[in-house]
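Visitor: Handing over start_31.pdb, PDB, C-alpha atoms, pLDDT in the B column.
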```
MODEL        1
ATOM      1  CA  MET A 103       0.000   0.000   0.000  1.00 45.00           C
ATOM      2  CA  ARG A 104       1.280   3.405  -0.940  1.00 54.00           C
ATOM      3  CA  ARG A 105       1.662   6.091   1.693  1.00 57.00           C
ATOM      4  CA  PRO A 106       0.070   9.447   0.815  1.00 51.00           C
ATOM      5  CA  GLU A 107       3.338  11.301   1.527  1.00 56.00           C
ATOM      6  CA  ALA A 108       5.439   8.934  -0.618  1.00 57.00           C
ATOM      7  CA  ALA A 109       7.738  10.638  -3.091  1.00 65.00           C
ATOM      8  CA  GLU A 110       6.692  10.951  -6.725  1.00 83.00           C
ATOM      9  CA  LEU A 111       9.808   9.572  -8.348  1.00 83.00           C
ATOM     10  CA  GLY A 112       8.460   8.939 -11.848  1.00 86.00           C
ATOM     11  CA  PRO A 113       8.300  12.474 -13.275  1.00 88.00           C
ATOM     12  CA  PRO A 114      11.828  13.642 -12.322  1.00 89.00           C
ATOM     13  CA  ILE A 115      13.440  10.372 -13.413  1.00 89.00           C
ATOM     14  CA  GLY A 116      11.405  10.424 -16.631  1.00 91.00           C
ATOM     15  CA  ARG A 117      12.683  13.933 -17.404  1.00 92.00           C
ATOM     16  CA  VAL A 118      16.297  12.910 -16.799  1.00 91.00           C
ATOM     17  CA  LEU A 119      15.963   9.861 -19.028  1.00 91.00           C
ATOM     18  CA  ARG A 120      14.068  11.672 -21.788  1.00 93.00           C
ATOM     19  CA  ILE A 121      16.209  14.817 -21.937  1.00 94.00           C
ATOM     20  CA  GLY A 122      19.498  12.984 -21.436  1.00 92.00           C
ATOM     21  CA  THR A 123      18.761  10.437 -24.128  1.00 93.00           C
ATOM     22  CA  LEU A 124      17.581  13.074 -26.614  1.00 94.00           C
ATOM     23  CA  LEU A 125      20.662  15.243 -26.068  1.00 93.00           C
ATOM     24  CA  ALA A 126      23.022  12.275 -26.324  1.00 92.00           C
ATOM     25  CA  VAL A 127      21.392  10.912 -29.472  1.00 93.00           C
ATOM     26  CA  CYS A 128      21.430  14.392 -31.049  1.00 93.00           C
ATOM     27  CA  ALA A 129      25.143  14.767 -30.318  1.00 91.00           C
ATOM     28  CA  ILE A 130      25.873  11.331 -31.783  1.00 90.00           C
ATOM     29  CA  GLY A 131      23.703  12.083 -34.835  1.00 91.00           C
ATOM     30  CA  VAL A 132      25.346  15.452 -35.499  1.00 90.00           C
ATOM     31  CA  GLY A 133      28.780  13.875 -35.070  1.00 87.00           C
ATOM     32  CA  PHE A 134      27.883  11.065 -37.449  1.00 87.00           C
ATOM     33  CA  VAL A 135      26.643  13.473 -40.117  1.00 89.00           C
ATOM     34  CA  ALA A 136      29.737  15.639 -39.672  1.00 85.00           C
ATOM     35  CA  THR A 137      31.903  12.540 -40.078  1.00 82.00           C
ATOM     36  CA  LEU A 138      30.120  11.641 -43.295  1.00 83.00           C
ATOM     37  CA  LEU A 139      30.586  15.158 -44.662  1.00 85.00           C
ATOM     38  CA  GLY A 140      34.154  15.654 -43.400  1.00 80.00           C
ATOM     39  CA  SER A 141      37.483  13.975 -43.787  1.00 69.00           C
ATOM     40  CA  ASP A 142      38.370  10.573 -42.422  1.00 65.00           C
ATOM     41  CA  PRO A 143      39.539  10.501 -38.794  1.00 63.00           C
ATOM     42  CA  PRO A 144      43.011   9.190 -38.076  1.00 65.00           C
ATOM     43  CA  PRO A 145      43.046   5.389 -37.756  1.00 67.00           C
ATOM     44  CA  GLY A 146      43.312   3.646 -34.426  1.00 69.00           C
ATOM     45  CA  PRO A 147      41.717   4.006 -31.023  1.00 74.00           C
ATOM     46  CA  ALA A 148      41.740   7.297 -29.136  1.00 73.00           C
ATOM     47  CA  SER A 149      40.844   8.126 -25.556  1.00 73.00           C
ATOM     48  CA  LEU A 150      37.923  10.404 -24.756  1.00 72.00           C
ATOM     49  CA  ILE A 151      40.372  13.053 -23.574  1.00 77.00           C
ATOM     50  CA  ASP A 152      42.114  12.967 -26.960  1.00 77.00           C
ATOM     51  CA  LEU A 153      38.759  13.088 -28.764  1.00 76.00           C
ATOM     52  CA  PHE A 154      37.486  16.038 -26.735  1.00 78.00           C
ATOM     53  CA  GLY A 155      40.780  17.893 -27.128  1.00 81.00           C
ATOM     54  CA  GLY A 156      40.792  17.384 -30.881  1.00 77.00           C
ATOM     55  CA  GLY A 157      37.232  18.606 -31.327  1.00 78.00           C
ATOM     56  CA  GLY A 158      35.255  17.846 -34.440  1.00 79.00           C
ATOM     57  CA  ALA A 159      32.832  15.083 -35.238  1.00 82.00           C
ATOM     58  CA  ASP A 160      34.564  12.413 -33.187  1.00 82.00           C
ATOM     59  CA  ALA A 161      34.349  14.634 -30.094  1.00 85.00           C
ATOM     60  CA  LEU A 162      30.574  14.989 -30.578  1.00 87.00           C
ATOM     61  CA  ILE A 163      30.142  11.243 -30.921  1.00 87.00           C
ATOM     62  CA  GLY A 164      32.331  10.651 -27.859  1.00 86.00           C
ATOM     63  CA  MET A 165      30.366  13.195 -25.809  1.00 89.00           C
ATOM     64  CA  GLY A 166      27.084  11.588 -26.851  1.00 91.00           C
ATOM     65  CA  LEU A 167      28.289   8.135 -25.872  1.00 89.00           C
ATOM     66  CA  LEU A 168      29.640   9.425 -22.571  1.00 88.00           C
ATOM     67  CA  ALA A 169      26.279  11.102 -21.888  1.00 91.00           C
ATOM     68  CA  LEU A 170      24.435   7.839 -22.593  1.00 91.00           C
ATOM     69  CA  THR A 171      26.767   6.084 -20.164  1.00 87.00           C
ATOM     70  CA  LEU A 172      26.170   8.633 -17.412  1.00 90.00           C
ATOM     71  CA  ILE A 173      22.352   8.841 -17.660  1.00 92.00           C
ATOM     72  CA  PRO A 174      21.795   6.100 -15.026  1.00 89.00           C
ATOM     73  CA  VAL A 175      24.198   7.881 -12.666  1.00 90.00           C
ATOM     74  CA  VAL A 176      22.310  11.164 -13.057  1.00 92.00           C
ATOM     75  CA  ALA A 177      18.962   9.383 -12.632  1.00 92.00           C
ATOM     76  CA  LEU A 178      20.131   7.882  -9.341  1.00 92.00           C
ATOM     77  CA  GLY A 179      21.522  11.260  -8.308  1.00 93.00           C
ATOM     78  CA  VAL A 180      18.027  12.709  -8.813  1.00 93.00           C
ATOM     79  CA  ALA A 181      16.340   9.772  -7.078  1.00 92.00           C
ATOM     80  CA  VAL A 182      18.289  10.011  -3.809  1.00 93.00           C
ATOM     81  CA  PRO A 183      17.106  13.489  -2.731  1.00 93.00           C
ATOM     82  CA  VAL A 184      13.574  12.923  -4.082  1.00 92.00           C
ATOM     83  CA  LEU A 185      13.257   9.723  -2.076  1.00 91.00           C
ATOM     84  CA  ALA A 186      14.859  11.215   1.030  1.00 91.00           C
ATOM     85  CA  GLY A 187      12.613  14.273   0.824  1.00 90.00           C
ATOM     86  CA  GLY A 188       9.550  12.061   0.506  1.00 88.00           C
ATOM     87  CA  GLY A 189      10.340  10.106   3.651  1.00 88.00           C
ATOM     88  CA  GLU A 190      11.554   7.027   1.783  1.00 89.00           C
ATOM     89  CA  ARG A 191      14.792   6.764   3.769  1.00 91.00           C
ATOM     90  CA  SER A 192      15.388   3.079   3.090  1.00 93.00           C
ATOM     91  CA  ARG A 193      14.916   3.474  -0.654  1.00 92.00           C
ATOM     92  CA  ALA A 194      17.095   6.608  -0.640  1.00 93.00           C
ATOM     93  CA  ARG A 195      19.895   4.685   1.112  1.00 95.00           C
ATOM     94  CA  THR A 196      19.598   1.868  -1.422  1.00 95.00           C
ATOM     95  CA  ALA A 197      19.703   4.311  -4.337  1.00 93.00           C
ATOM     96  CA  GLY A 198      22.698   6.042  -2.717  1.00 94.00           C
ATOM     97  CA  LEU A 199      24.478   2.709  -2.336  1.00 96.00           C
ATOM     98  CA  VAL A 200      23.871   1.856  -5.990  1.00 94.00           C
ATOM     99  CA  LEU A 201      25.052   5.346  -6.965  1.00 93.00           C
ATOM    100  CA  GLY A 202      28.226   4.792  -4.970  1.00 94.00           C
ATOM    101  CA  LEU A 203      28.801   1.415  -6.622  1.00 94.00           C
ATOM    102  CA  LEU A 204      28.327   2.942 -10.084  1.00 90.00           C
ATOM    103  CA  GLY A 205      30.732   5.744  -9.211  1.00 89.00           C
ATOM    104  CA  ALA A 206      33.298   3.259  -7.929  1.00 93.00           C
ATOM    105  CA  SER A 207      32.986   1.120 -11.061  1.00 91.00           C
ATOM    106  CA  LEU A 208      33.456   4.181 -13.274  1.00 85.00           C
ATOM    107  CA  ALA A 209      36.526   5.178 -11.247  1.00 89.00           C
ATOM    108  CA  VAL A 210      37.977   1.669 -11.640  1.00 92.00           C
ATOM    109  CA  ALA A 211      37.278   1.802 -15.389  1.00 86.00           C
ATOM    110  CA  VAL A 212      39.162   5.118 -15.647  1.00 82.00           C
ATOM    111  CA  VAL A 213      42.113   3.709 -13.724  1.00 86.00           C
ATOM    112  CA  ILE A 214      42.222   0.547 -15.813  1.00 87.00           C
ATOM    113  CA  GLY A 215      41.787   2.515 -19.044  1.00 76.00           C
ATOM    114  CA  SER A 216      44.608   4.914 -18.201  1.00 74.00           C
ATOM    115  CA  ALA A 217      46.927   2.043 -17.262  1.00 73.00           C
ATOM    116  CA  SER A 218      46.703   0.395 -20.676  1.00 65.00           C
TER     117      SER A 218
ENDMDL
END
```
Before we go any further, please render this structure as structure tokens.

Guide:
Amino acid sequence: MRRPEAAELGPPIGRVLRIGTLLAVCAIGVGFVATLLGSDPPPGPASLIDLFGGGGADALIGMGLLALTLIPVVALGVAVPVLAGGGERSRARTAGLVLGLLGASLAVAVVIGSAS
């Protein structure tokens, strides 16, 4: 049974997912079109830092992919205060724990990626 003072989590999370996905897909789409119209990128893998520093179409695609990766983190970041403000302390702690685990896994990925 739902408590009357329970937090309305759906609308804020829906906005984060909708706006984040649209912005990320637009960035990827613009980068893809710019790649088709421009010159070929240099061959081989490049880090996101190199892509962002170089600018151009590849930077847009990289930013869009990074945004898609971070949407769940932002959604959890929105959920924690909404849940805590609505009296859902247990759910807020769980969302905070998951947010911490996601942050730790992203930090480990950065460390591993920079080591190779």

Visitor: Using only C-alpha atoms, determine which residues lie at most 12 Å from Val180 of chain A, disregarding the query and same-chain residues fewer than 4 positions distant; provide the list as a list in words.

Guide: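 The neighbour list is Ala109, Glu110, Leu111, Gly112, Pro113, Pro114, Ile115, Gly116, Arg117, Val118, Leu119, Ile173, Pro174, Val175, Val176, Val184, Leu185, Ala186, Gly187, Ala194, Ala197, Gly198 and Leu201 of chain A.
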
Visitor: Under the PyMOL selection byres ((chain A and resi 161-165) around 10), which residues of this model are included? Write them out as a ChimeraX atom specification.

Guide: /A:125-134,136-137,149-160,166-171

Visitor: As a check of understanding, name the residues that the PyMOL selection byres ((chain A and resi 205) around 12) selects in the supplied structure, as JSON, numbers by chain.

Guide: {"A": [171, 172, 174, 175, 176, 178, 179, 198, 199, 200, 201, 202, 203, 204, 206, 207, 208, 209, 210, 211, 212]}

Visitor: Report the distance between atom CA of Arg195 of chain A and atom CA of Val182 of chain A in Å, rounded to one decimal place.

Guide: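 Computed distance, atom CA of Arg195 of chain A to atom CA of Val182 of chain A, equals 7.4 Å.
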
Visitor: When distances are computed from all atoms listed in the file, which of A:Pro183, A:Val213, A:Ala177, A:Ser192 shows the smallest separation from Gly122 of chain A?

Guide: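 Closest to Gly122 of chain A, using all atoms listed in the file: A:Ala177.
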
Visitor: What gap, in Å, lies between atom CA of Pro147 of chain A and atom CA of Ala217 of chain A?

Guide: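 Atom CA of Ala217 of chain A lies at a distance of 14.8 Å from atom CA of Pro147 of chain A.
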
Visitor: Would you fill out segment 189-200 of chain A with all heavy atoms and return it as a CSV table (one decimal), keeping the file's coordinate frame?

Guide:
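Output (selection-v5.csv):
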```
chain,number,residue,atom,x,y,z
A,189,GLY,N,10.4,11.0,2.5
A,189,GLY,CA,10.3,10.1,3.7
A,189,GLY,C,10.7,8.7,3.3
A,189,GLY,O,10.5,7.8,4.2
A,190,GLU,N,11.2,8.4,2.2
A,190,GLU,CA,11.6,7.0,1.8
A,190,GLU,C,13.0,6.8,2.1
A,190,GLU,O,13.9,6.6,1.2
A,190,GLU,CB,11.3,6.8,0.3
A,190,GLU,CG,9.9,7.0,-0.1
A,190,GLU,CD,9.0,5.8,0.1
A,190,GLU,OE1,9.6,4.7,0.3
A,190,GLU,OE2,7.8,6.0,0.0
A,191,ARG,N,13.4,6.8,3.4
A,191,ARG,CA,14.8,6.8,3.8
A,191,ARG,C,15.5,5.5,3.3
A,191,ARG,O,16.6,5.5,2.9
A,191,ARG,CB,14.9,6.9,5.3
A,191,ARG,CG,14.3,8.2,5.8
A,191,ARG,CD,15.3,9.3,5.7
A,191,ARG,NE,14.8,10.5,6.4
A,191,ARG,CZ,14.5,11.6,5.8
A,191,ARG,NH1,14.7,11.8,4.5
A,191,ARG,NH2,14.1,12.7,6.5
A,192,SER,N,14.8,4.4,3.5
A,192,SER,CA,15.4,3.1,3.1
A,192,SER,C,15.7,3.0,1.6
A,192,SER,O,16.8,2.6,1.2
A,192,SER,CB,14.5,1.9,3.5
A,192,SER,OG,15.0,0.7,3.0
A,193,ARG,N,14.7,3.5,0.8
A,193,ARG,CA,14.9,3.5,-0.7
A,193,ARG,C,16.0,4.5,-1.1
A,193,ARG,O,16.8,4.2,-2.0
A,193,ARG,CB,13.6,3.8,-1.4
A,193,ARG,CG,12.6,2.6,-1.2
A,193,ARG,CD,11.3,3.0,-1.8
A,193,ARG,NE,11.3,3.2,-3.3
A,193,ARG,CZ,10.4,3.8,-4.0
A,193,ARG,NH1,9.3,4.2,-3.4
A,193,ARG,NH2,10.5,3.9,-5.2
A,194,ALA,N,16.1,5.6,-0.3
A,194,ALA,CA,17.1,6.6,-0.6
A,194,ALA,C,18.5,6.0,-0.3
A,194,ALA,O,19.4,6.3,-1.1
A,194,ALA,CB,16.8,7.9,0.2
A,195,ARG,N,18.6,5.3,0.8
A,195,ARG,CA,19.9,4.7,1.1
A,195,ARG,C,20.3,3.7,0.1
A,195,ARG,O,21.4,3.6,-0.4
A,195,ARG,CB,19.8,4.0,2.5
A,195,ARG,CG,20.0,5.0,3.6
A,195,ARG,CD,20.3,4.3,4.9
A,195,ARG,NE,19.2,3.4,5.3
A,195,ARG,CZ,18.1,3.7,6.0
A,195,ARG,NH1,18.0,5.0,6.4
A,195,ARG,NH2,17.2,2.9,6.3
A,196,THR,N,19.3,2.9,-0.4
A,196,THR,CA,19.6,1.9,-1.4
A,196,THR,C,20.0,2.5,-2.7
A,196,THR,O,21.0,2.1,-3.3
A,196,THR,CB,18.4,1.0,-1.7
A,196,THR,OG1,18.0,0.4,-0.4
A,196,THR,CG2,18.6,-0.1,-2.7
A,197,ALA,N,19.3,3.6,-3.1
A,197,ALA,CA,19.7,4.3,-4.3
A,197,ALA,C,21.1,4.9,-4.2
A,197,ALA,O,21.9,5.0,-5.1
A,197,ALA,CB,18.7,5.4,-4.7
A,198,GLY,N,21.4,5.5,-3.0
A,198,GLY,CA,22.7,6.0,-2.7
A,198,GLY,C,23.8,5.0,-2.8
A,198,GLY,O,24.9,5.2,-3.3
A,199,LEU,N,23.5,3.8,-2.3
A,199,LEU,CA,24.5,2.7,-2.3
A,199,LEU,C,24.8,2.3,-3.8
A,199,LEU,O,25.9,2.2,-4.2
A,199,LEU,CB,24.0,1.5,-1.5
A,199,LEU,CG,24.8,0.2,-1.6
A,199,LEU,CD1,26.2,0.5,-0.9
A,199,LEU,CD2,24.1,-0.9,-0.9
A,200,VAL,N,23.7,2.2,-4.6
A,200,VAL,CA,23.9,1.9,-6.0
A,200,VAL,C,24.6,3.0,-6.7
A,200,VAL,O,25.5,2.7,-7.5
A,200,VAL,CB,22.5,1.6,-6.7
A,200,VAL,CG1,22.6,1.4,-8.2
A,200,VAL,CG2,21.9,0.3,-6.0
```
